[in-house]
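Peer 1: One structure, as structure tokens, below. Some questions next.
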Amino acid sequence: MVSAAGILTSRGGMTSHAAVVARGMGTTCIVGAHDVIIDEVGHTMKIGDKVYTTKDVISIDGTTGNIYEGEIPLVEPQLTGYFGRFMELADKYRRLEVRVNADTPLDATHGRDFGATGIGLCRTEHMFFDVDRVFFMRKMILSATKEEREAALAQILPYQENDFYEIFKVMKGLPVTVRLLDPPLHEFLPTEEAQIVALAKELKVDVTVLRERIESLSEFNPMMGHRGVRLAVSYPEIAVMQTTAIISAALRAQKDTGAAIHPEIMIPLVLDVKEYKYVEEYVRKTADALIKKSGQKLHYLVGTMIEIPRATLLADQIAKEAEFFSFGTNDLTQMTFGFSRDDAAKFIPDYTEARIFEQDPFQTLDTEGVGQLVRLGVERGRKGNPDVHLGICGEHGGDPNSVEFFDSVGLDYVSCSPYRVPIARLAAAQAAIKHKKAN
Amino acid sequence: MAEKRYVFAFKCKEGEKLGRNYLGGKGANLAEMTRIGVPIPQGFTVTTEACNLYYNEGKKLPQFVIDQIYNAVTELEKETGKTFGGKKNPLLVSVRSGARVSMPGMMDTVLNLGLNDEVAEVLANETGNAAFAFDSYRRFILMYFNVVKGQPRAEMEKMLEDMKVKAGVKLDSELKAEHLRELVKQFKAHYKKVLGEEFPSDARVQLIEAVTAVFRSWDNERANIYRRMNHIPYEWGTAVNVQSMVYGNKGDTSGTGVAFTRSPSTGDNHIFAEYLPNAQGEDVVAGIRTPLPISWLEENMPAVYKQFVETLDLLEKHYRDMQDIEFTVEDGKLYFLQTRSGKRTAAAALKIVCDLIDEGLITEEEAVLRVDPKALDSLLHKGFDQAVLKTKKVIATGLPASPGAATGRLSFDAADAAARKEKGETVL
């Protein structure tokens with residue numbers, strides 16, 4: 001899918017995997033074209049009586065769902081003119097700041113072009129999946145001792161630092177929130193036998209030993225498993241390495257661009273203030289030492305994601321220590337509803353069919369239930385620390401109905417995928433105007 | 001205590017105050033247009049509350065609602081001087097759905113309601129145009145069969161095609177009265193064969209069945225999908241509009257057309273309209289015949305054209321937005337059948353609100369509220385060159401899952417796609 005300029009499937013609906021991934025990447029996509037019969041083995045496609053091969057050119061319009069034969073020239077989107085004028089108008093009326101979720105310099109560039117005023121979520125896990133790096137990552141995960149782990153992490157550090165450096169450069173001094181490693185470690189490990197054998201050879205360990213080690217890391221319920229801040233509690237050296245990468249990159253970018261860089265380090269999945277403080281201490285110690293050594297001035301923030309119901313209840317305590325909260329409404333929805341997003345995809349259509357749900361709670365925030373927790377988190381957070389900066393970085397950040405709610409509870413910003421930034425800007429303006437009218 | 005009212009005439013002052021939540025978008029518009037003096041055929045609206053009542057009563061319309069509808073018909077007869085199902089000067093009506101927000105294509109429309117064998121003859125005599133009377137009648141039977149009874153159109157459409165072959169003509173409008181009379185017989189026979197009952201000749205039975213069918217269609221599969229996609233609550237229900245018919249197919253001084261007060265594709269501030277002489281609205285909408293540019297009306301019926309342009313301006317100033325309008329000319333008299341905020345491309349939407357600010361018709365805040373945030377998405381992606389696109393034929397369609405446009409050679413697996421991309425090829 002990454003290589004394709006467009007995607008066409010004969011099956012699946014608007015929320016199918018292909019559709020979701022395509023939207024995320026901003027790649028045009030048509031799904032469920034039932035008249036198209038695709039022969040994956042023969043590498044042909046049939047529409048009516050006509051057979052199309054890999055030599056044939058077709059054109060697809062992901063806005064209308066129409067498929068055409070032959071080539072149709074493309075025109076670039078016009079972000080100036082009436083669009084520019086209208087968006088300026090929207091910006092004039094909105095209160096919410098709109099940031100972008102961006103893991104790569106390309107996403108960051110798109111986000112900026114579309115008017116984001118910072119990065120609200122930069123995930124770091126994708127950076128480890130690159131072919132060159134995943135080996136060191138695996139080596140780190142499978143290390144038996146802290147020393148081995150640190151040695152492997154040291155080899156990942158330059159890659160990470162460079163990734164952050166490029167992103168900081170693109171954002172030219174706008175705030176960038178980097179989330180420390182979030183997924184459970186087994187997600188980085190191979191599952192197929194051939195890959196395991198190859199890895200054993202590379203690592204120079206016995207295949208049986210490796211298999212056992214991989215086995216031991218597997219979890220019954222990864223969504224609620226050893227992930228997020230819990231990794232940093234078990235292996236603080238990971239957080240230390242990532243902090244080193246972020247701060248070093250920020251210092252370098254600051255020196256090279258002359259603009260003051262604003263990194264914000266975000267500790268995910270926190271459920272208790274002691275847990276937060278335990279990791280925060282490693283982060284601050286590492287960061288302060290690097291800044292001191294550089295002789296530069298660098299203003300950075302440390303904060304947390306609020307995505308476990310317990311954290312919303314104890315938000316006052318956590319806010320006393322954290323400088324910002326970012327509500328992770330994807331996980332907060334999962335944990336509040338008690339179902340995982342991937343598994344729920346199978347039965348949510350039944351719930352909408354039976355009119356138990358009017359909407360998919362992963363697309364539009366459940367303001368009735370999950371919304372109460374967000375509201376509580378905001379109120380208690382501000383009580384604990386009136387200056388705490390509050391935002392949201394789930395999929396909901398780009399959903400107009402949800403944005404209206406976030407405006408009403410008084411968040412400071414929303415963050416969403418690049419192509420949703422203008423949508424969020426307009427939704428935020430509409431929310432502010434409606435809010436003003438209601439009062 | 002008096003029964004609660006579920007039926008309101010367009011010109012009724014109390015109905016006017018209820019607004020779109022009760023009257024639906026179309027019904028509220030019809031009431032408003034009557035008030036500001038736009039020439040529209042008169043009629044009445046059955047409220048969205050009646051729709052909810054229909055579902056609460058186990059998909060049945062209570063007798064007191066039926067009685068209110070009958071009373072409204074009597075009022076309409078007085079107003080128009082025509083008689084519903086009558087042997088003299090018969091009143092024919094259209095029955096259309098109208099939810100709070102426009103739900104295009106989801107709901108159903110029945111035209112020419114009130115016709116039966118007798119009334120068709122009366123209409124033929126009174127207009128001196130038997131072809132028109134029986135053309136209306138055969139259209140009505142088909143729509144009733146299709147929309148009210150939920151049966152497929154295909155068989156009847158084939159009968160029409162066969163009749164054209166038999167008569168040696170190409171266009172529907174070239175069929176003569178005798179062919180259309182025969183077609184009516186065939187349609188009625190087919191109706192009885194499929195449904196095991198006669199086509200109802202009682203106009204009042206036709207009307208109640210049609211109103212019920214509109215309520216029923218609120219819960220059909222397509223409507224439910226559209227509602228869910230657009231977050232329209234089930235409880236809103238739909239209203240039904242019953243409106244006296246005017247005929248655009250009464251000869252050369254009659255006709256029908258559609259108009260946008262501004263271009264729906266670019267937003268440019270000029271009238272964008274098409275007109276089809278001697279035709280009914282569905283011919284234009286369904287693309288059965290190719291309409292003429294509006295200049296035809298200007299050249300041939302300048303007085304009507306002048307009133308048309310003036311009314312368009314009145315409507316746009318009143319609604320302060322680009323309007324999508326359906327109109328009909330009956331024997332040289334202009335009627336506006338419908339007006340609503342026109343669907344438009346995202347690019348047009350932005351130009352229109354900016355222009356409306358400049359024209360002093362709306363405030364900046366209103367402009368910001370007017371544009372659907374989701375619509376912006378289509379502007380952020382590459383699009384096709386519209387000029388070239390017009391020359392291309394759609395070979396298949398699917399669900400629009402991620403906006404944008406792409407053109408390239410086909411690839412069927414990831415490795416192949418990656419390898420070819422390396423070589424600089426664009427693949428899908």
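Naming scheme: A, B, ... for chains in displayed order of the structure tokens; residues 1 onward per chain; ligands 1 onward as shown.
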Excluding Leu276 in chain B and its own-chain neighbours fewer than 5 positions away, which residues fall within 6 Å of it when counting only C-alpha atoms? Please give them as a ChimeraX atom specification.

Peer 2: /B:255-257,291-292

Peer 1: Just to be explicit: take each residue in the selection above, keep C-alpha atoms, and write the result as a short mmCIF file (atom, residue, chain, number, x, y, z; two decimals), in the first residue's frame.

Peer 2:
data_model
loop_
_atom_site.label_atom_id
_atom_site.label_comp_id
_atom_site.auth_asym_id
_atom_site.auth_seq_id
_atom_site.Cartn_x
_atom_site.Cartn_y
_atom_site.Cartn_z
CA GLY B 255 -42.13 23.35 -19.70
CA THR B 256 -39.98 22.57 -16.72
CA GLY B 257 -36.50 23.37 -15.50
CA PRO B 291 -32.51 20.05 -21.51
CA LEU B 292 -31.91 23.32 -23.35
#

Peer 1: Within 8 Å of chain A, which residues of chain B are there when counting only C-alpha atoms? Please give them as a PyMOL selection string.

Peer 2: chain B and resi 228+231+233+347+350-351+354+364-365+368-369+373-374+376-385+388-389+392-414+417-418+421+426-428

Peer 1: Would you put the residues from that selection into a file with N, CA and C atoms, as a short mmCIF file (atom, residue, chain, number, x, y, z; two decimals), in the first residue's frame?

Peer 2:
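New file again23.cif:
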data_model
loop_
_atom_site.label_atom_id
_atom_site.label_comp_id
_atom_site.auth_asym_id
_atom_site.auth_seq_id
_atom_site.Cartn_x
_atom_site.Cartn_y
_atom_site.Cartn_z
N ARG B 228 -26.89 7.35 9.09
CA ARG B 228 -25.78 7.01 9.98
C ARG B 228 -24.51 7.74 9.55
N HIS B 231 -24.91 11.34 10.56
CA HIS B 231 -25.32 11.58 11.94
C HIS B 231 -26.70 12.24 12.04
N PRO B 233 -30.34 11.78 13.40
CA PRO B 233 -31.03 10.88 14.32
C PRO B 233 -32.27 10.25 13.70
N ALA B 347 -15.10 23.69 -3.22
CA ALA B 347 -14.50 24.91 -3.75
C ALA B 347 -15.57 25.98 -3.96
N LEU B 350 -16.74 27.58 -0.64
CA LEU B 350 -15.86 28.62 -0.09
C LEU B 350 -16.01 29.93 -0.86
N LYS B 351 -16.07 29.83 -2.20
CA LYS B 351 -16.23 31.06 -2.99
C LYS B 351 -17.56 31.74 -2.66
N CYS B 354 -17.54 33.52 0.73
CA CYS B 354 -16.70 34.73 0.66
C CYS B 354 -17.43 35.83 -0.10
N GLU B 364 -19.29 37.30 8.79
CA GLU B 364 -18.15 36.38 8.80
C GLU B 364 -18.46 35.13 9.62
N GLU B 365 -19.10 35.34 10.76
CA GLU B 365 -19.41 34.20 11.61
C GLU B 365 -20.36 33.24 10.93
N VAL B 368 -18.46 31.19 8.43
CA VAL B 368 -17.68 30.11 9.04
C VAL B 368 -18.60 28.93 9.39
N LEU B 369 -19.80 29.25 9.86
CA LEU B 369 -20.73 28.18 10.26
C LEU B 369 -21.33 27.45 9.06
N PRO B 373 -17.14 21.19 7.81
CA PRO B 373 -15.70 20.95 7.92
C PRO B 373 -15.23 19.73 7.11
N LYS B 374 -16.03 18.69 7.10
CA LYS B 374 -15.62 17.48 6.38
C LYS B 374 -15.47 17.72 4.89
N LEU B 376 -14.05 20.08 3.47
CA LEU B 376 -12.73 20.65 3.15
C LEU B 376 -11.78 19.57 2.66
N ASP B 377 -12.00 18.35 3.16
CA ASP B 377 -11.10 17.26 2.84
C ASP B 377 -10.82 17.14 1.35
N SER B 378 -11.89 17.30 0.55
CA SER B 378 -11.72 17.10 -0.89
C SER B 378 -10.82 18.14 -1.53
N LEU B 379 -10.59 19.26 -0.81
CA LEU B 379 -9.74 20.31 -1.39
C LEU B 379 -8.26 20.09 -1.09
N LEU B 380 -7.98 19.16 -0.21
CA LEU B 380 -6.60 18.99 0.25
C LEU B 380 -5.85 17.97 -0.60
N HIS B 381 -6.57 17.34 -1.49
CA HIS B 381 -5.96 16.27 -2.28
C HIS B 381 -5.91 16.67 -3.73
N LYS B 382 -5.07 15.94 -4.47
CA LYS B 382 -5.04 16.17 -5.90
C LYS B 382 -6.39 15.80 -6.50
N GLY B 383 -6.75 16.46 -7.58
CA GLY B 383 -8.00 16.13 -8.25
C GLY B 383 -7.76 15.95 -9.73
N PHE B 384 -8.77 15.47 -10.44
CA PHE B 384 -8.63 15.30 -11.88
C PHE B 384 -8.86 16.63 -12.59
N ASP B 385 -8.21 16.76 -13.72
CA ASP B 385 -8.45 17.90 -14.60
C ASP B 385 -9.89 17.79 -15.10
N VAL B 388 -10.74 17.25 -18.86
CA VAL B 388 -10.47 15.92 -19.40
C VAL B 388 -11.48 14.92 -18.83
N LEU B 389 -11.80 15.12 -17.54
CA LEU B 389 -12.71 14.19 -16.85
C LEU B 389 -14.06 14.11 -17.57
N LYS B 392 -14.41 11.46 -20.16
CA LYS B 392 -14.20 10.06 -19.75
C LYS B 392 -15.48 9.42 -19.26
N LYS B 393 -15.56 8.12 -19.47
CA LYS B 393 -16.74 7.39 -19.02
C LYS B 393 -16.39 6.60 -17.75
N VAL B 394 -17.35 6.57 -16.82
CA VAL B 394 -17.17 5.79 -15.60
C VAL B 394 -17.34 4.31 -15.95
N ILE B 395 -16.33 3.48 -15.63
CA ILE B 395 -16.45 2.06 -15.96
C ILE B 395 -16.96 1.25 -14.77
N ALA B 396 -16.79 1.76 -13.58
CA ALA B 396 -17.32 1.09 -12.39
C ALA B 396 -17.28 2.08 -11.24
N THR B 397 -18.00 1.78 -10.17
CA THR B 397 -17.94 2.65 -9.00
C THR B 397 -17.78 1.82 -7.74
N GLY B 398 -17.25 2.45 -6.71
CA GLY B 398 -17.11 1.81 -5.41
C GLY B 398 -17.40 2.84 -4.34
N LEU B 399 -17.07 2.52 -3.10
CA LEU B 399 -17.29 3.46 -2.01
C LEU B 399 -16.11 4.41 -1.91
N PRO B 400 -16.37 5.73 -1.81
CA PRO B 400 -15.26 6.68 -1.73
C PRO B 400 -14.61 6.65 -0.34
N ALA B 401 -13.54 5.87 -0.19
CA ALA B 401 -12.99 5.60 1.14
C ALA B 401 -11.94 6.61 1.57
N SER B 402 -11.21 7.17 0.62
CA SER B 402 -10.19 8.16 0.97
C SER B 402 -10.06 9.11 -0.21
N PRO B 403 -10.29 10.41 0.02
CA PRO B 403 -10.42 11.33 -1.10
C PRO B 403 -9.12 11.57 -1.85
N GLY B 404 -9.27 12.13 -3.03
CA GLY B 404 -8.13 12.40 -3.88
C GLY B 404 -8.35 11.74 -5.22
N ALA B 405 -7.31 11.76 -6.05
CA ALA B 405 -7.41 11.14 -7.35
C ALA B 405 -6.06 10.55 -7.71
N ALA B 406 -6.09 9.48 -8.45
CA ALA B 406 -4.84 8.85 -8.86
C ALA B 406 -5.02 8.23 -10.22
N THR B 407 -3.94 8.20 -10.99
CA THR B 407 -3.99 7.59 -12.30
C THR B 407 -2.69 6.81 -12.46
N GLY B 408 -2.80 5.59 -12.96
CA GLY B 408 -1.58 4.80 -13.10
C GLY B 408 -1.87 3.39 -13.55
N ARG B 409 -0.79 2.61 -13.72
CA ARG B 409 -0.95 1.22 -14.15
C ARG B 409 -1.33 0.36 -12.96
N LEU B 410 -1.93 -0.78 -13.28
CA LEU B 410 -2.40 -1.68 -12.23
C LEU B 410 -1.27 -2.52 -11.66
N SER B 411 -1.36 -2.77 -10.35
CA SER B 411 -0.44 -3.69 -9.71
C SER B 411 -1.24 -4.49 -8.70
N PHE B 412 -0.91 -5.76 -8.55
CA PHE B 412 -1.75 -6.64 -7.73
C PHE B 412 -1.06 -7.16 -6.49
N ASP B 413 0.25 -6.89 -6.33
CA ASP B 413 0.83 -7.22 -5.03
C ASP B 413 1.88 -6.19 -4.62
N ALA B 414 2.12 -6.16 -3.32
CA ALA B 414 2.93 -5.11 -2.72
C ALA B 414 4.35 -5.09 -3.28
N ALA B 417 4.42 -3.68 -6.72
CA ALA B 417 4.18 -2.23 -6.67
C ALA B 417 5.44 -1.50 -6.25
N ALA B 418 6.11 -2.01 -5.22
CA ALA B 418 7.32 -1.37 -4.72
C ALA B 418 8.41 -1.37 -5.78
N LYS B 421 7.56 1.08 -8.51
CA LYS B 421 7.68 2.46 -8.06
C LYS B 421 9.13 2.91 -8.11
N THR B 426 4.04 4.93 -11.90
CA THR B 426 2.95 5.18 -10.95
C THR B 426 2.01 3.99 -10.99
N VAL B 427 1.79 3.37 -9.84
CA VAL B 427 0.94 2.17 -9.83
C VAL B 427 -0.24 2.34 -8.90
N LEU B 428 -1.29 1.57 -9.18
CA LEU B 428 -2.47 1.55 -8.33
C LEU B 428 -2.63 0.14 -7.77
#

Peer 1: Just want the 6 Å neighbourhood of range 305-310 of chain A, counted on only C-alpha atoms, with same-chain residues fewer than 3 positions away dropped. Output as a list in words.

Peer 2: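 Surrounding residues, per the criterion: Pro268, Leu269, Leu271, Leu313, Phe325, Ser326, Phe327, Gly328, Asp331 and Leu332 of chain A.
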
Peer 1: Store the residues picked out above, limited to N, CA, C and O atoms, as a PDB file, in the first residue's frame.

Peer 2:
ATOM      1  N   PRO A 268       3.527   8.112  28.267  1.00  0.00           N
ATOM      2  CA  PRO A 268       2.195   7.568  27.986  1.00  0.00           C
ATOM      3  C   PRO A 268       1.666   6.604  29.053  1.00  0.00           C
ATOM      4  O   PRO A 268       2.435   6.013  29.804  1.00  0.00           O
ATOM      5  N   LEU A 269       0.347   6.481  29.086  1.00  0.00           N
ATOM      6  CA  LEU A 269      -0.369   5.440  29.841  1.00  0.00           C
ATOM      7  C   LEU A 269      -0.189   5.515  31.352  1.00  0.00           C
ATOM      8  O   LEU A 269      -0.255   4.498  32.044  1.00  0.00           O
ATOM      9  N   LEU A 271      -0.937   5.947  35.231  1.00  0.00           N
ATOM     10  CA  LEU A 271      -2.125   5.679  36.043  1.00  0.00           C
ATOM     11  C   LEU A 271      -1.978   6.171  37.474  1.00  0.00           C
ATOM     12  O   LEU A 271      -2.907   6.095  38.276  1.00  0.00           O
ATOM     13  N   LEU A 313      -9.429  10.266  37.174  1.00  0.00           N
ATOM     14  CA  LEU A 313      -9.935  10.445  38.538  1.00  0.00           C
ATOM     15  C   LEU A 313      -8.891  11.091  39.438  1.00  0.00           C
ATOM     16  O   LEU A 313      -9.218  11.840  40.351  1.00  0.00           O
ATOM     17  N   PHE A 325      -1.136  17.746  29.912  1.00  0.00           N
ATOM     18  CA  PHE A 325      -1.895  16.510  29.705  1.00  0.00           C
ATOM     19  C   PHE A 325      -2.265  16.432  28.235  1.00  0.00           C
ATOM     20  O   PHE A 325      -2.694  17.429  27.657  1.00  0.00           O
ATOM     21  N   SER A 326      -2.155  15.257  27.682  1.00  0.00           N
ATOM     22  CA  SER A 326      -2.771  15.051  26.377  1.00  0.00           C
ATOM     23  C   SER A 326      -3.703  13.864  26.525  1.00  0.00           C
ATOM     24  O   SER A 326      -3.265  12.755  26.834  1.00  0.00           O
ATOM     25  N   PHE A 327      -4.996  14.117  26.352  1.00  0.00           N
ATOM     26  CA  PHE A 327      -5.959  13.023  26.485  1.00  0.00           C
ATOM     27  C   PHE A 327      -5.824  12.102  25.279  1.00  0.00           C
ATOM     28  O   PHE A 327      -5.948  12.542  24.137  1.00  0.00           O
ATOM     29  N   GLY A 328      -5.501  10.848  25.574  1.00  0.00           N
ATOM     30  CA  GLY A 328      -5.420   9.853  24.499  1.00  0.00           C
ATOM     31  C   GLY A 328      -6.783   9.195  24.407  1.00  0.00           C
ATOM     32  O   GLY A 328      -7.061   8.198  25.063  1.00  0.00           O
ATOM     33  N   ASP A 331      -7.321   5.208  23.534  1.00  0.00           N
ATOM     34  CA  ASP A 331      -7.192   4.255  24.634  1.00  0.00           C
ATOM     35  C   ASP A 331      -8.223   4.520  25.720  1.00  0.00           C
ATOM     36  O   ASP A 331      -8.770   3.579  26.293  1.00  0.00           O
ATOM     37  N   LEU A 332      -8.513   5.793  25.968  1.00  0.00           N
ATOM     38  CA  LEU A 332      -9.505   6.101  26.999  1.00  0.00           C
ATOM     39  C   LEU A 332     -10.870   5.508  26.619  1.00  0.00           C
ATOM     40  O   LEU A 332     -11.605   5.010  27.480  1.00  0.00           O
TER      41      LEU A 332
END

Peer 1: Run DSSP on the backbone of this structure and report the residues of range 295-412 of chain A it assigns to strand (DSSP E), as a ChimeraX atom specification.

Peer 2: /A:301-306,324-327,389-392

Peer 1: Limited to C-alpha atoms, could you put the picked residues into a file as a JSON list (two decimals), in the first residue's frame?

Peer 2:
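File written: part_17.json
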[["chain", "number", "residue", "atom", "x", "y", "z"],
["A", 301, "LEU", "CA", 8.17, 20.41, 29.07],
["A", 302, "VAL", "CA", 7.43, 17.03, 30.57],
["A", 303, "GLY", "CA", 3.86, 15.81, 30.70],
["A", 304, "THR", "CA", 1.68, 12.77, 30.31],
["A", 305, "MET", "CA", -1.06, 11.19, 28.34],
["A", 306, "ILE", "CA", -4.33, 10.73, 30.15],
["A", 324, "PHE", "CA", 0.76, 19.15, 30.29],
["A", 325, "PHE", "CA", -1.90, 16.51, 29.70],
["A", 326, "SER", "CA", -2.77, 15.05, 26.38],
["A", 327, "PHE", "CA", -5.96, 13.02, 26.49],
["A", 389, "HIS", "CA", -1.66, 22.78, 29.29],
["A", 390, "LEU", "CA", -4.45, 20.51, 28.08],
["A", 391, "GLY", "CA", -4.97, 18.81, 24.75],
["A", 392, "ILE", "CA", -6.16, 15.72, 23.00]]

Peer 1: Near Ile325 in chain B, within 9 Å and counting only C-alpha atoms, which residues show up once chain neighbours fewer than 2 positions away are dropped, as a ChimeraX atom specification?

Peer 2: /B:257-261,273,312,323,327,336-342

Peer 1: Put those residues in a file: N, CA and C atoms, as a PDB file, in the first residue's frame.

Peer 2:
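So the final result, stored in part-v1.pdb, reads:
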ATOM      1  N   GLY B 257     -37.931  23.142 -15.544  1.00  0.00           N
ATOM      2  CA  GLY B 257     -36.497  23.372 -15.503  1.00  0.00           C
ATOM      3  C   GLY B 257     -35.936  23.310 -14.094  1.00  0.00           C
ATOM      4  N   VAL B 258     -34.615  23.317 -14.031  1.00  0.00           N
ATOM      5  CA  VAL B 258     -33.932  23.392 -12.745  1.00  0.00           C
ATOM      6  C   VAL B 258     -32.949  24.555 -12.821  1.00  0.00           C
ATOM      7  N   ALA B 259     -32.717  25.174 -11.677  1.00  0.00           N
ATOM      8  CA  ALA B 259     -31.807  26.314 -11.688  1.00  0.00           C
ATOM      9  C   ALA B 259     -31.000  26.370 -10.398  1.00  0.00           C
ATOM     10  N   PHE B 260     -29.765  26.780 -10.526  1.00  0.00           N
ATOM     11  CA  PHE B 260     -28.951  27.151  -9.371  1.00  0.00           C
ATOM     12  C   PHE B 260     -28.721  28.652  -9.491  1.00  0.00           C
ATOM     13  N   THR B 261     -28.845  29.375  -8.366  1.00  0.00           N
ATOM     14  CA  THR B 261     -28.675  30.818  -8.458  1.00  0.00           C
ATOM     15  C   THR B 261     -27.210  31.203  -8.675  1.00  0.00           C
ATOM     16  N   ALA B 273     -28.856  27.448 -15.202  1.00  0.00           N
ATOM     17  CA  ALA B 273     -30.192  26.852 -15.311  1.00  0.00           C
ATOM     18  C   ALA B 273     -30.393  26.119 -16.629  1.00  0.00           C
ATOM     19  N   LEU B 312     -35.724  34.480  -8.702  1.00  0.00           N
ATOM     20  CA  LEU B 312     -34.459  33.880  -8.278  1.00  0.00           C
ATOM     21  C   LEU B 312     -33.693  34.823  -7.356  1.00  0.00           C
ATOM     22  N   GLN B 323     -29.317  28.962  -4.077  1.00  0.00           N
ATOM     23  CA  GLN B 323     -30.499  28.104  -4.079  1.00  0.00           C
ATOM     24  C   GLN B 323     -30.528  27.155  -5.276  1.00  0.00           C
ATOM     25  N   PHE B 327     -38.614  24.511 -11.233  1.00  0.00           N
ATOM     26  CA  PHE B 327     -39.750  25.347 -11.635  1.00  0.00           C
ATOM     27  C   PHE B 327     -40.462  24.743 -12.833  1.00  0.00           C
ATOM     28  N   PHE B 336     -42.942  28.056  -9.053  1.00  0.00           N
ATOM     29  CA  PHE B 336     -41.733  27.496  -8.443  1.00  0.00           C
ATOM     30  C   PHE B 336     -42.138  26.282  -7.617  1.00  0.00           C
ATOM     31  N   LEU B 337     -41.526  25.160  -7.899  1.00  0.00           N
ATOM     32  CA  LEU B 337     -41.929  23.925  -7.228  1.00  0.00           C
ATOM     33  C   LEU B 337     -41.120  23.663  -5.971  1.00  0.00           C
ATOM     34  N   GLN B 338     -39.877  24.085  -5.989  1.00  0.00           N
ATOM     35  CA  GLN B 338     -39.044  23.771  -4.838  1.00  0.00           C
ATOM     36  C   GLN B 338     -37.838  24.688  -4.816  1.00  0.00           C
ATOM     37  N   THR B 339     -37.422  25.065  -3.618  1.00  0.00           N
ATOM     38  CA  THR B 339     -36.138  25.747  -3.505  1.00  0.00           C
ATOM     39  C   THR B 339     -35.449  25.244  -2.255  1.00  0.00           C
ATOM     40  N   ARG B 340     -34.169  25.085  -2.349  1.00  0.00           N
ATOM     41  CA  ARG B 340     -33.395  24.636  -1.186  1.00  0.00           C
ATOM     42  C   ARG B 340     -31.956  25.105  -1.384  1.00  0.00           C
ATOM     43  N   SER B 341     -31.191  25.103  -0.297  1.00  0.00           N
ATOM     44  CA  SER B 341     -29.786  25.438  -0.427  1.00  0.00           C
ATOM     45  C   SER B 341     -29.156  24.405  -1.336  1.00  0.00           C
ATOM     46  N   GLY B 342     -28.481  24.857  -2.376  1.00  0.00           N
ATOM     47  CA  GLY B 342     -27.969  23.932  -3.382  1.00  0.00           C
ATOM     48  C   GLY B 342     -26.743  23.178  -2.913  1.00  0.00           C
TER      49      GLY B 342
END

Peer 1: Would you list the contacts of range 74-76 of chain B as a ChimeraX atom specification, taking every protein, DNA or RNA residue within 9 Å and counting only C-alpha atoms, but skipping same-chain residues closer than 5 positions in sequence?

Peer 2: /B:9,42-44,69,81-84,91,243-244

Peer 1: Store the residues of this selection in a file with N, CA, C and O atoms, as a compact mmCIF listing (two decimals), in the first residue's frame.

Peer 2:
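Output (again.txt):
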# COMPACT_ATOMS: atom_id res chain seq x y z
N ALA B 9 -51.70 23.54 6.00
CA ALA B 9 -51.61 24.09 4.64
C ALA B 9 -50.40 25.01 4.55
O ALA B 9 -50.00 25.61 5.54
N GLN B 42 -50.27 25.49 -4.53
CA GLN B 42 -50.62 25.33 -3.11
C GLN B 42 -50.79 23.87 -2.71
O GLN B 42 -50.89 22.98 -3.55
N GLY B 43 -50.78 23.64 -1.38
CA GLY B 43 -50.89 22.28 -0.86
C GLY B 43 -50.75 22.27 0.64
O GLY B 43 -50.94 23.30 1.28
N PHE B 44 -50.39 21.13 1.21
CA PHE B 44 -50.26 21.03 2.67
C PHE B 44 -49.15 20.05 3.07
O PHE B 44 -48.68 19.26 2.26
N ILE B 69 -55.98 14.84 7.04
CA ILE B 69 -55.51 14.90 5.64
C ILE B 69 -56.71 15.16 4.71
O ILE B 69 -56.65 16.01 3.83
N GLY B 81 -60.21 25.47 -6.78
CA GLY B 81 -61.41 25.34 -7.59
C GLY B 81 -61.46 24.03 -8.35
O GLY B 81 -62.21 23.88 -9.31
N LYS B 82 -60.64 23.08 -7.93
CA LYS B 82 -60.61 21.77 -8.59
C LYS B 82 -61.17 20.71 -7.64
O LYS B 82 -61.30 20.95 -6.43
N THR B 83 -61.50 19.54 -8.16
CA THR B 83 -62.04 18.47 -7.33
C THR B 83 -61.13 17.25 -7.36
O THR B 83 -60.72 16.80 -8.44
N PHE B 84 -60.81 16.74 -6.17
CA PHE B 84 -59.92 15.59 -6.04
C PHE B 84 -60.70 14.34 -6.47
O PHE B 84 -61.74 14.02 -5.89
N LEU B 91 -58.50 17.69 -9.47
CA LEU B 91 -57.30 18.11 -8.75
C LEU B 91 -56.32 16.93 -8.70
O LEU B 91 -56.67 15.85 -8.25
N GLN B 243 -48.96 18.50 -2.71
CA GLN B 243 -49.01 19.79 -3.41
C GLN B 243 -49.77 19.61 -4.71
O GLN B 243 -49.60 18.58 -5.39
N SER B 244 -50.61 20.60 -5.04
CA SER B 244 -51.35 20.47 -6.30
C SER B 244 -50.37 20.46 -7.47
O SER B 244 -49.35 21.13 -7.42

Peer 1: Which of range 203-417 of chain B end up as alpha helix (DSSP H) when DSSP is run on this backbone - answer as number ranges by chain?

Peer 2: B: 203-217, 221-229, 281-285, 295-300, 302-319, 346-358, 364-370, 386-389, 414-417
